[in-house]
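J.: Pasting structure_5.txt below, which is compact mmCIF, C-alpha atoms and all ligand atoms.
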# COMPACT_ATOMS: atom_id res chain seq x y z
CA MET A 1 110.44 10.43 296.18
CA THR A 2 111.49 7.32 294.27
CA ASP A 3 108.09 5.74 294.85
CA THR A 4 106.10 8.58 293.30
CA LYS A 5 104.33 8.42 289.96
CA SER A 6 106.17 11.60 288.90
CA HIS A 7 109.48 9.82 289.48
CA GLN A 8 108.34 6.79 287.46
CA LEU A 9 107.16 9.04 284.65
CA PHE A 10 110.44 10.94 284.71
CA LEU A 11 112.42 7.68 284.36
CA ARG A 12 110.18 6.66 281.47
CA ALA A 13 110.36 10.10 279.81
CA GLN A 14 114.16 10.10 279.81
CA LYS A 15 114.15 7.00 277.60
CA SER A 16 112.35 8.84 274.79
CA ILE A 17 112.82 12.58 275.34
CA PRO A 18 116.18 14.39 275.83
CA GLY A 19 116.49 14.97 279.57
CA GLY A 20 112.89 13.79 279.93
CA VAL A 21 111.48 17.23 279.10
CA ASN A 22 110.44 19.23 276.06
CA SER A 23 111.84 22.52 277.38
CA PRO A 24 114.97 22.58 279.55
CA VAL A 25 113.92 24.61 282.61
CA ARG A 26 111.15 22.10 283.27
CA ALA A 27 113.75 19.52 284.28
CA PHE A 28 114.09 21.36 287.65
CA ARG A 29 117.87 20.93 287.52
CA SER A 30 118.72 24.32 288.96
CA VAL A 31 116.48 23.76 291.99
CA GLY A 32 117.93 20.37 292.83
CA ARG A 33 115.07 17.99 292.37
CA GLU A 34 113.07 16.09 289.77
CA PRO A 35 110.16 17.59 287.85
CA LEU A 36 106.55 16.98 288.74
CA PHE A 37 104.36 15.55 286.04
CA ILE A 38 101.12 17.49 285.86
CA THR A 39 97.76 15.92 285.14
CA ARG A 40 95.27 18.75 285.60
CA GLY A 41 94.86 22.48 286.11
CA GLU A 42 91.85 24.45 287.29
CA GLY A 43 91.77 28.12 288.25
CA ALA A 44 94.88 28.90 290.30
CA TYR A 45 95.66 25.23 291.00
CA ILE A 46 97.48 22.36 289.34
CA TRP A 47 97.56 18.67 290.31
CA ASP A 48 100.46 16.29 289.84
CA ALA A 49 100.39 12.64 288.82
CA ASP A 50 100.36 11.63 292.51
CA GLY A 51 97.22 13.64 293.18
CA ASN A 52 98.92 16.49 295.09
CA SER A 53 97.54 19.97 294.48
CA TYR A 54 99.58 23.17 294.28
CA ILE A 55 98.83 26.88 294.13
CA ASP A 56 100.36 27.64 290.75
CA TYR A 57 102.41 30.79 290.12
CA VAL A 58 103.89 29.56 286.83
CA GLY A 59 100.61 29.57 284.90
CA SER A 60 102.25 27.72 281.99
CA TRP A 61 105.01 30.39 282.08
CA GLY A 62 102.59 33.25 281.69
CA PRO A 63 99.61 32.47 279.46
CA HIS A 64 97.10 31.66 282.22
CA ILE A 65 96.29 35.16 283.43
CA ILE A 66 92.65 34.08 283.88
CA GLY A 67 93.59 30.74 285.42
CA HIS A 68 93.69 27.21 284.10
CA SER A 69 90.73 25.78 282.18
CA HIS A 70 88.62 28.93 282.23
CA PRO A 71 85.10 27.66 281.41
CA MET A 72 84.57 30.15 278.57
CA VAL A 73 87.91 29.28 276.95
CA VAL A 74 87.25 25.54 277.30
CA GLU A 75 83.78 25.92 275.80
CA ALA A 76 85.09 27.96 272.86
CA ILE A 77 87.82 25.38 272.13
CA LYS A 78 85.29 22.50 272.30
CA LYS A 79 82.91 24.26 269.96
CA GLN A 80 85.64 24.98 267.42
CA ALA A 81 87.10 21.46 267.71
CA SER A 82 83.78 20.02 266.63
CA LEU A 83 83.93 22.23 263.52
CA GLY A 84 87.49 21.30 262.62
CA THR A 85 90.94 21.71 264.14
CA SER A 86 93.03 22.97 261.24
CA PHE A 87 92.41 23.92 257.63
CA GLY A 88 95.61 25.58 256.44
CA ALA A 89 93.31 28.17 254.93
CA PRO A 90 92.02 31.54 256.17
CA THR A 91 89.24 31.70 258.76
CA GLU A 92 87.19 34.58 260.16
CA LEU A 93 88.64 33.89 263.62
CA GLU A 94 92.05 35.10 262.46
CA ILE A 95 90.56 38.41 261.35
CA GLU A 96 88.70 38.80 264.65
CA LEU A 97 91.84 38.20 266.72
CA ALA A 98 93.90 40.52 264.49
CA GLU A 99 91.25 43.24 264.81
CA LEU A 100 91.17 42.90 268.58
CA VAL A 101 94.97 43.05 268.80
CA ARG A 102 94.97 46.23 266.69
CA GLU A 103 92.24 47.73 268.88
CA LEU A 104 94.19 47.03 272.09
CA VAL A 105 97.70 47.78 270.80
CA PRO A 106 97.57 50.88 268.58
CA SER A 107 101.21 50.61 267.41
CA ILE A 108 100.18 47.43 265.60
CA GLU A 109 98.73 48.40 262.24
CA LEU A 110 99.13 44.97 260.69
CA VAL A 111 99.71 41.69 262.51
CA ARG A 112 100.69 38.20 261.45
CA MET A 113 99.92 35.11 263.56
CA VAL A 114 102.49 32.38 264.12
CA SER A 115 102.62 29.43 266.52
CA SER A 116 105.16 30.46 269.17
CA GLY A 117 106.98 33.43 270.63
CA THR A 118 110.23 32.16 269.14
CA GLU A 119 108.70 32.16 265.68
CA ALA A 120 107.48 35.70 266.25
CA THR A 121 110.91 37.06 267.24
CA ILE A 122 112.77 35.21 264.47
CA SER A 123 110.31 36.59 261.93
CA ALA A 124 110.41 40.13 263.33
CA ILE A 125 114.21 40.23 263.08
CA ARG A 126 114.19 38.93 259.53
CA LEU A 127 111.62 41.56 258.65
CA ALA A 128 113.65 44.35 260.27
CA ARG A 129 116.71 43.22 258.29
CA GLY A 130 114.72 43.06 255.07
CA PHE A 131 113.25 46.51 255.71
CA THR A 132 116.49 48.28 256.59
CA GLY A 133 118.89 46.30 254.40
CA ARG A 134 121.17 46.01 257.45
CA ASP A 135 122.44 42.88 259.22
CA LYS A 136 123.16 43.61 262.87
CA VAL A 137 120.86 43.46 265.84
CA ILE A 138 121.26 44.86 269.34
CA LYS A 139 119.79 42.85 272.18
CA PHE A 140 120.32 43.08 275.92
CA GLU A 141 122.35 40.74 278.06
CA GLY A 142 120.00 38.49 280.07
CA CYS A 143 116.99 39.23 277.85
CA TYR A 144 115.47 36.19 276.20
CA HIS A 145 113.70 36.21 272.86
CA GLY A 146 113.16 32.51 272.30
CA HIS A 147 115.65 30.06 270.92
CA GLY A 148 116.36 31.54 267.48
CA ASP A 149 120.07 31.49 266.59
CA SER A 150 120.39 35.28 266.65
CA PHE A 151 119.18 35.45 270.23
CA LEU A 152 121.15 32.67 271.93
CA ILE A 153 124.05 34.91 272.74
CA LYS A 154 124.18 35.95 276.40
CA ALA A 155 120.52 35.00 276.64
CA GLY A 156 118.25 34.73 279.68
CA SER A 157 115.65 32.14 280.75
CA GLY A 158 116.73 28.49 280.43
CA ALA A 159 120.04 29.51 278.86
CA LEU A 160 120.91 31.52 281.94
CA THR A 161 119.38 29.06 284.39
CA LEU A 162 121.38 26.19 283.00
CA GLY A 163 124.56 28.23 282.83
CA ALA A 164 125.01 28.26 279.04
CA PRO A 165 123.90 31.76 277.99
CA SER A 166 125.51 31.30 274.54
CA SER A 167 124.65 28.08 272.72
CA PRO A 168 126.95 25.83 270.69
CA GLY A 169 125.42 25.36 267.25
CA VAL A 170 125.05 29.09 266.66
CA THR A 171 127.54 29.87 263.89
CA PRO A 172 130.18 32.58 264.37
CA GLY A 173 128.63 34.33 261.37
CA THR A 174 125.29 34.62 263.15
CA ALA A 175 126.87 35.49 266.48
CA LYS A 176 128.85 38.38 264.99
CA ASP A 177 125.61 40.07 263.94
CA THR A 178 124.19 40.03 267.48
CA LEU A 179 125.49 42.80 269.71
CA ASN A 180 124.76 42.77 273.43
CA ALA A 181 124.11 45.95 275.39
CA GLN A 182 123.37 46.27 279.11
CA TYR A 183 119.74 46.53 280.16
CA ASN A 184 118.85 49.95 281.60
CA ASP A 185 122.11 51.36 280.27
CA LEU A 186 121.66 53.75 277.36
CA PRO A 187 125.38 54.61 277.08
CA SER A 188 126.09 50.93 276.33
CA VAL A 189 123.59 51.13 273.45
CA GLU A 190 125.06 54.40 272.17
CA ALA A 191 128.53 52.85 272.18
CA LEU A 192 127.39 49.91 270.00
CA VAL A 193 125.46 52.18 267.67
CA GLY A 194 128.49 54.48 267.36
CA SER A 195 130.86 51.68 266.45
CA ASN A 196 128.41 50.05 264.00
CA ARG A 197 126.84 53.13 262.41
CA GLY A 198 124.51 52.35 259.52
CA GLN A 199 124.72 48.60 260.16
CA ILE A 200 122.09 48.05 262.85
CA ALA A 201 118.73 46.79 261.65
CA ALA A 202 116.96 46.47 264.99
CA ILE A 203 117.11 46.91 268.71
CA ILE A 204 115.05 44.20 270.37
CA VAL A 205 114.15 44.51 274.03
CA GLU A 206 111.80 43.05 276.61
CA PRO A 207 110.20 46.30 277.83
CA VAL A 208 110.09 44.65 281.24
CA ALA A 209 112.82 42.02 281.33
CA GLY A 210 111.25 38.79 282.51
CA ASN A 211 113.81 36.13 281.74
CA MET A 212 116.61 37.06 284.13
CA GLY A 213 114.03 37.28 286.87
CA VAL A 214 111.86 40.40 286.57
CA VAL A 215 113.81 43.59 285.88
CA PRO A 216 111.71 46.73 285.33
CA PRO A 217 112.88 49.42 282.92
CA GLN A 218 114.26 52.48 284.67
CA PRO A 219 112.64 55.83 283.88
CA GLY A 220 113.83 57.10 280.50
CA PHE A 221 115.33 53.79 279.32
CA LEU A 222 112.62 52.82 276.81
CA GLN A 223 112.19 56.45 275.73
CA GLY A 224 115.95 56.63 275.16
CA LEU A 225 115.83 53.55 272.95
CA ARG A 226 112.99 55.11 270.97
CA GLU A 227 115.06 58.26 270.40
CA ILE A 228 118.18 56.34 269.33
CA CYS A 229 116.13 54.26 266.87
CA ASP A 230 114.46 57.37 265.40
CA ARG A 231 117.78 59.15 265.01
CA GLU A 232 119.58 56.16 263.44
CA GLY A 233 116.80 54.62 261.31
CA ILE A 234 116.81 51.47 263.46
CA VAL A 235 113.66 49.35 263.92
CA LEU A 236 112.65 49.25 267.60
CA ILE A 237 111.15 45.87 268.52
CA PHE A 238 109.41 45.36 271.83
CA ASP A 239 109.34 41.67 272.66
CA GLU A 240 106.06 41.54 274.56
CA VAL A 241 105.71 37.76 274.50
CA MET A 242 105.69 37.84 278.28
CA THR A 243 104.43 41.36 279.04
CA GLY A 244 101.75 41.49 276.32
CA PHE A 245 98.29 41.72 277.97
CA ARG A 246 100.05 40.76 281.24
CA VAL A 247 101.22 44.11 282.65
CA GLY A 248 98.19 45.89 281.23
CA LEU A 249 95.49 45.61 278.58
CA HIS A 250 97.62 47.72 276.24
CA CYS A 251 100.80 45.78 277.06
CA ALA A 252 104.03 47.31 278.41
CA GLN A 253 104.04 49.85 275.58
CA GLY A 254 100.70 51.18 276.86
CA LEU A 255 101.91 51.19 280.46
CA TYR A 256 105.08 53.19 279.67
CA GLY A 257 103.67 55.21 276.76
CA ILE A 258 106.32 54.22 274.20
CA LYS A 259 105.45 53.15 270.66
CA PRO A 260 107.74 50.49 269.18
CA ASP A 261 107.96 49.91 265.42
CA LEU A 262 107.33 46.18 265.78
CA THR A 263 105.92 44.11 268.64
CA THR A 264 106.19 40.39 269.24
CA LEU A 265 103.47 38.61 271.19
CA GLY A 266 102.87 35.11 272.56
CA LYS A 267 101.66 33.41 275.77
CA ILE A 268 98.41 35.26 276.71
CA ILE A 269 97.47 35.92 273.07
CA GLY A 270 97.05 32.14 272.72
CA GLY A 271 94.95 31.65 275.85
CA GLY A 272 97.03 28.57 276.72
CA LEU A 273 97.32 27.23 273.17
CA PRO A 274 100.42 27.66 270.98
CA VAL A 275 100.22 31.14 269.45
CA GLY A 276 102.68 33.89 268.69
CA ALA A 277 102.26 37.04 266.66
CA PHE A 278 104.30 39.92 265.33
CA GLY A 279 103.01 43.21 264.09
CA GLY A 280 103.58 46.91 263.87
CA ARG A 281 104.06 49.73 261.40
CA ARG A 282 102.20 49.18 258.14
CA ASP A 283 105.16 50.19 255.96
CA ILE A 284 107.34 47.58 257.65
CA MET A 285 104.72 44.82 257.76
CA GLU A 286 103.95 45.35 254.06
CA MET A 287 107.44 44.03 253.32
CA LEU A 288 106.15 40.57 254.29
CA SER A 289 105.26 37.94 251.75
CA PRO A 290 102.84 37.84 249.86
CA LEU A 291 102.86 41.69 249.75
CA GLY A 292 106.63 42.03 249.84
CA PRO A 293 109.83 40.00 249.48
CA VAL A 294 110.47 38.97 253.11
CA TYR A 295 109.36 35.36 253.38
CA GLN A 296 107.59 33.90 256.39
CA ALA A 297 105.03 31.08 256.58
CA GLY A 298 103.55 28.30 258.77
CA THR A 299 101.22 25.32 258.35
CA LEU A 300 99.54 25.88 261.71
CA SER A 301 99.72 29.69 261.70
CA GLY A 302 96.32 31.13 262.58
CA ASN A 303 95.17 27.71 263.77
CA PRO A 304 91.44 27.98 264.59
CA LEU A 305 91.64 26.33 268.03
CA ALA A 306 94.48 28.62 269.03
CA MET A 307 92.72 31.68 267.59
CA VAL A 308 89.51 31.00 269.47
CA ALA A 309 91.35 30.39 272.76
CA GLY A 310 93.27 33.65 272.38
CA LEU A 311 90.26 35.62 271.22
CA THR A 312 88.13 34.44 274.14
CA THR A 313 90.89 35.27 276.61
CA LEU A 314 91.51 38.76 275.22
CA LYS A 315 87.78 39.53 275.19
CA ILE A 316 87.52 38.54 278.85
CA LEU A 317 90.48 40.81 279.67
CA ARG A 318 88.99 43.68 277.67
CA ASP A 319 85.49 43.33 279.09
CA GLU A 320 86.41 42.65 282.72
CA ASN A 321 89.56 44.80 283.03
CA PRO A 322 91.09 42.74 285.86
CA TYR A 323 94.32 44.78 285.88
CA PRO A 324 93.62 47.09 288.86
CA ALA A 325 92.66 44.07 290.99
CA LEU A 326 95.71 42.12 289.78
CA GLU A 327 97.92 45.08 290.64
CA LYS A 328 96.49 45.26 294.15
CA LYS A 329 96.83 41.59 294.98
CA SER A 330 100.24 41.22 293.35
CA SER A 331 101.60 44.18 295.28
CA LEU A 332 100.30 42.78 298.59
CA LEU A 333 101.65 39.34 297.77
CA ALA A 334 105.09 40.70 296.87
CA GLN A 335 105.24 42.79 300.02
CA HIS A 336 104.17 39.97 302.34
CA ILE A 337 106.36 37.28 300.78
CA GLY A 338 109.30 39.68 301.00
CA GLU A 339 108.61 40.30 304.68
CA ALA A 340 108.21 36.59 305.36
CA VAL A 341 111.57 35.77 303.78
CA LEU A 342 113.36 38.65 305.50
CA SER A 343 111.92 37.54 308.85
CA ALA A 344 113.66 34.18 308.26
CA GLY A 345 116.93 36.14 308.12
CA ILE A 346 117.37 35.71 304.35
CA LYS A 347 118.58 38.58 302.17
CA ALA A 348 116.22 39.27 299.29
CA THR A 349 115.32 42.00 296.82
CA GLN A 350 111.94 42.28 295.22
CA THR A 351 110.96 43.39 291.77
CA ARG A 352 107.49 43.61 290.27
CA VAL A 353 105.52 45.09 287.42
CA GLY A 354 101.79 44.34 287.65
CA SER A 355 101.24 40.62 288.11
CA MET A 356 104.84 39.67 287.19
CA LEU A 357 107.04 39.44 290.24
CA CYS A 358 110.38 38.13 291.39
CA LEU A 359 112.22 37.61 294.63
CA PHE A 360 115.96 37.77 294.04
CA PHE A 361 118.06 36.26 296.80
CA THR A 362 120.56 39.10 296.91
CA ASP A 363 120.83 42.34 298.86
CA LYS A 364 121.80 44.25 295.69
CA GLU A 365 119.33 46.34 293.75
CA VAL A 366 118.59 44.41 290.55
CA THR A 367 118.65 46.56 287.41
CA ASP A 368 120.45 44.43 284.81
CA TYR A 369 122.10 41.08 284.11
CA GLU A 370 125.14 41.75 286.24
CA SER A 371 123.10 42.58 289.32
CA ALA A 372 120.56 39.77 288.62
CA VAL A 373 123.27 37.11 288.70
CA THR A 374 124.37 38.22 292.18
CA ALA A 375 121.31 36.29 293.38
CA ASP A 376 122.16 33.11 295.25
CA THR A 377 120.62 30.30 293.21
CA ASN A 378 121.21 27.76 295.99
CA VAL A 379 119.05 29.82 298.33
CA TYR A 380 116.40 30.04 295.62
CA GLY A 381 116.54 26.24 295.28
CA LYS A 382 115.94 25.88 298.99
CA PHE A 383 113.05 28.34 298.86
CA PHE A 384 111.56 26.58 295.83
CA ARG A 385 111.74 23.14 297.47
CA GLY A 386 110.32 24.46 300.75
CA MET A 387 107.39 26.11 298.98
CA LEU A 388 106.69 23.05 296.86
CA GLU A 389 106.65 20.85 299.95
CA ILE A 390 103.88 23.05 301.39
CA GLY A 391 101.91 23.11 298.13
CA VAL A 392 103.09 26.22 296.26
CA TYR A 393 104.42 25.77 292.73
CA LEU A 394 106.95 28.43 291.71
CA ALA A 395 109.10 28.66 288.59
CA PRO A 396 111.94 26.14 288.96
CA SER A 397 114.56 28.85 288.43
CA GLN A 398 115.70 32.05 290.10
CA PHE A 399 115.72 33.73 286.71
CA GLU A 400 112.03 33.48 285.85
CA ALA A 401 108.92 35.39 286.87
CA MET A 402 106.14 34.53 289.29
CA PHE A 403 102.74 35.14 287.68
CA VAL A 404 99.55 36.00 289.58
CA SER A 405 96.20 35.24 287.92
CA THR A 406 92.69 36.54 288.39
CA MET A 407 91.87 33.17 290.00
CA HIS A 408 94.25 33.51 292.94
CA THR A 409 92.00 34.27 295.91
CA ASP A 410 92.91 36.17 299.07
CA GLU A 411 93.02 32.80 300.80
CA ASP A 412 95.49 31.45 298.22
CA LEU A 413 97.68 34.49 298.77
CA GLU A 414 97.54 34.09 302.56
CA ARG A 415 98.47 30.42 302.22
CA THR A 416 101.38 31.40 299.97
CA VAL A 417 102.71 33.94 302.47
CA ALA A 418 102.33 31.41 305.29
CA ALA A 419 104.33 28.94 303.17
CA ALA A 420 107.04 31.54 302.58
CA ARG A 421 107.34 31.97 306.36
CA LYS A 422 107.94 28.22 306.74
CA ALA A 423 109.95 27.55 303.55
CA PHE A 424 113.36 27.99 305.21
CA GLU A 425 112.57 26.07 308.41
N1 LIG B 1 111.13 30.13 277.99
C1 LIG B 1 109.97 30.10 278.79
C2 LIG B 1 110.28 30.59 280.15
N2 LIG B 1 110.76 31.92 280.21
C3 LIG B 1 109.28 28.73 278.77
C4 LIG B 1 109.96 27.64 279.49
C5 LIG B 1 109.19 26.31 279.41
O1 LIG B 1 108.13 26.25 278.84
O2 LIG B 1 109.68 25.35 279.93
Spell out the structure here as structure tokens.
T.:
Amino acid sequence: MTDTKSHQLFLRAQKSIPGGVNSPVRAFRSVGREPLFITRGEGAYIWDADGNSYIDYVGSWGPHIIGHSHPMVVEAIKKQASLGTSFGAPTELEIELAELVRELVPSIELVRMVSSGTEATISAIRLARGFTGRDKVIKFEGCYHGHGDSFLIKAGSGALTLGAPSSPGVTPGTAKDTLNAQYNDLPSVEALVGSNRGQIAAIIVEPVAGNMGVVPPQPGFLQGLREICDREGIVLIFDEVMTGFRVGLHCAQGLYGIKPDLTTLGKIIGGGLPVGAFGGRRDIMEMLSPLGPVYQAGTLSGNPLAMVAGLTTLKILRDENPYPALEKKSSLLAQHIGEAVLSAGIKATQTRVGSMLCLFFTDKEVTDYESAVTADTNVYGKFFRGMLEIGVYLAPSQFEAMFVSTMHTDEDLERTVAAARKAFE
């Protein structure tokens, strides 16, 4: 491995970039090897700096539901780039994307574009605090809402992968306003609400948890949150950065039939470019500057390249409705990978919602943080390395999702299952 271009690039990167990466999970530390440096992506495949190709189930951590470098998205970006890349002034593209988001997600009456999912969640929380005049926020242990201070307390994703769910640098003052409940456990929410009555501004939840591996909501959980929020005057925020336009055209809220007050979006809404968004009830969104006093801004917010990439992607999803086909192939893939791993004598539990799936290396049913962390991360590391060796690129962490795209063919899926059969040899 020391003679590969990826290795050389990693050595070079570490001289200028902390840990050699611009986002921690990419360093591959929890799977016991060095990262690959990627040079190209097309459809369901990526290529590394040494020219090796991989069937990609990371899809840039979710955005590439229609595959890498979709010709229509590339064309739209090129066309816009020739007209200008950023103006810091309104464009018609922003209106078009906002209109399409409102059409597809009826709980969103007004929407503001930002440049990342983290920005969206930070802004949504500030808005909920401004609207309610309350300080505290309930989140769920193992859920991840980006790296805003309020969320880095018992967080998922890289924080969980790297074993530091609560980050130094978050002040005690901020931490005291973040209360952690257990996912899929309404009594744990009721207990926090009861002991902090009248102080809770928002409950923020991933309607399908995707950052402690994939953990689906149990029947009644999201509905229960809705009822608690209605009863207590709390703003219900669905963080759909990962699930938005992934688990269905109308997001997780459409799939489960629950209307949040605010929604945060990212990943697919940017079509592979940096976009986030937050939106929801008109009366809440009208608190935002310049209409109201809650301040929020961004030089590259509504960036035309990002808007056109997102708009083109969402139009393709709306016009082609790939979700039934994605459901079918993801369910077959999950089933067959599960069987392949079990046939190697390895204990595993599967979870899946639409084209988001996860194989937890535990024999426990996974319903929350506590059960998710029973997964054996060393076994995952072995699986990851075995799959990579055969040409399948999975998330370099047990606590992330595997994403299937419209570009994964039956042959790709068969090759993936065959790899899973061999991964532990
Ligand atoms: N936090 C995202 C994964 N759940 C992105 C990680 C990355 O881009 O490295």
J.: I want to know what sits within 10 Å of Pro322 of chain A, based on only C-alpha atoms, with residues of the same chain fewer than 3 positions away left out; could you give that as a PyMOL selection string?
T.: chain A and resi 65-66+248-249+316-319+325-327+405-406
J.: Create the file for the chosen residues now, containing C-alpha atoms and written as a PDB file, keeping the file's coordinate frame.
T.:
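Saved file selection-v6.pdb follows:
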ATOM      1  CA  ILE A  65      96.290  35.160 283.430  1.00  0.00           C
ATOM      2  CA  ILE A  66      92.650  34.080 283.880  1.00  0.00           C
ATOM      3  CA  GLY A 248      98.190  45.890 281.230  1.00  0.00           C
ATOM      4  CA  LEU A 249      95.490  45.610 278.580  1.00  0.00           C
ATOM      5  CA  ILE A 316      87.520  38.540 278.850  1.00  0.00           C
ATOM      6  CA  LEU A 317      90.480  40.810 279.670  1.00  0.00           C
ATOM      7  CA  ARG A 318      88.990  43.680 277.670  1.00  0.00           C
ATOM      8  CA  ASP A 319      85.490  43.330 279.090  1.00  0.00           C
ATOM      9  CA  ALA A 325      92.660  44.070 290.990  1.00  0.00           C
ATOM     10  CA  LEU A 326      95.710  42.120 289.780  1.00  0.00           C
ATOM     11  CA  GLU A 327      97.920  45.080 290.640  1.00  0.00           C
ATOM     12  CA  SER A 405      96.200  35.240 287.920  1.00  0.00           C
ATOM     13  CA  THR A 406      92.690  36.540 288.390  1.00  0.00           C
TER      14      THR A 406
END
J.: Taking 5 positions as the minimum chain separation for residues in the same chain, which residues sit within 6 Å of segment 385-392 of chain A when counting all atoms listed in the file? Answer as an MDAnalysis selection string.
T.: chainID A and resid 54:55 419 423
J.: Using all atoms listed in the file, determine which residues lie at most 12 Å from Lys78 of chain A, disregarding the query and same-chain residues fewer than 3 positions distant; provide the list as a ChimeraX atom specification.
T.: /A:69,71-75,81-85,304-306,308-309
J.: Extending 3 Å beyond the listed atoms of ligand LIG 1 (chain B) on each side, what axis-aligned box results? I want centre and edge lengths in Å to one decimal, as AutoDock Vina command-line options.
T.:
--center_x 109.6 --center_y 28.6 --center_z 279.1 --size_x 9.0 --size_y 12.6 --size_z 8.2
J.: Give the residue list for ligand LIG 1 (chain B) at 7 Å, counting only C-alpha atoms and all ligand atoms, as a PyMOL selection string, sorted by chain and then by residue number.
T.: chain A and resi 23-26+60-61+146+157-158+211+400
J.: Would you save the residues from that selection as a compact mmCIF listing (two decimals), in the frame of the given file, using C-alpha atoms?
T.:
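As written to disk, selection-v7.txt reads:
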# COMPACT_ATOMS: atom_id res chain seq x y z
CA SER A 23 111.84 22.52 277.38
CA PRO A 24 114.97 22.58 279.55
CA VAL A 25 113.92 24.61 282.61
CA ARG A 26 111.15 22.10 283.27
CA SER A 60 102.25 27.72 281.99
CA TRP A 61 105.01 30.39 282.08
CA GLY A 146 113.16 32.51 272.30
CA SER A 157 115.65 32.14 280.75
CA GLY A 158 116.73 28.49 280.43
CA ASN A 211 113.81 36.13 281.74
CA GLU A 400 112.03 33.48 285.85
J.: Check the smallest atom-to-atom distance from each of A:Leu394, A:Leu255, A:Ile95, A:Leu152 to Asp56 of chain A using only C-alpha atoms, then report the winner.
T.: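 Closest to Asp56 of chain A of all the choices is A:Leu394.
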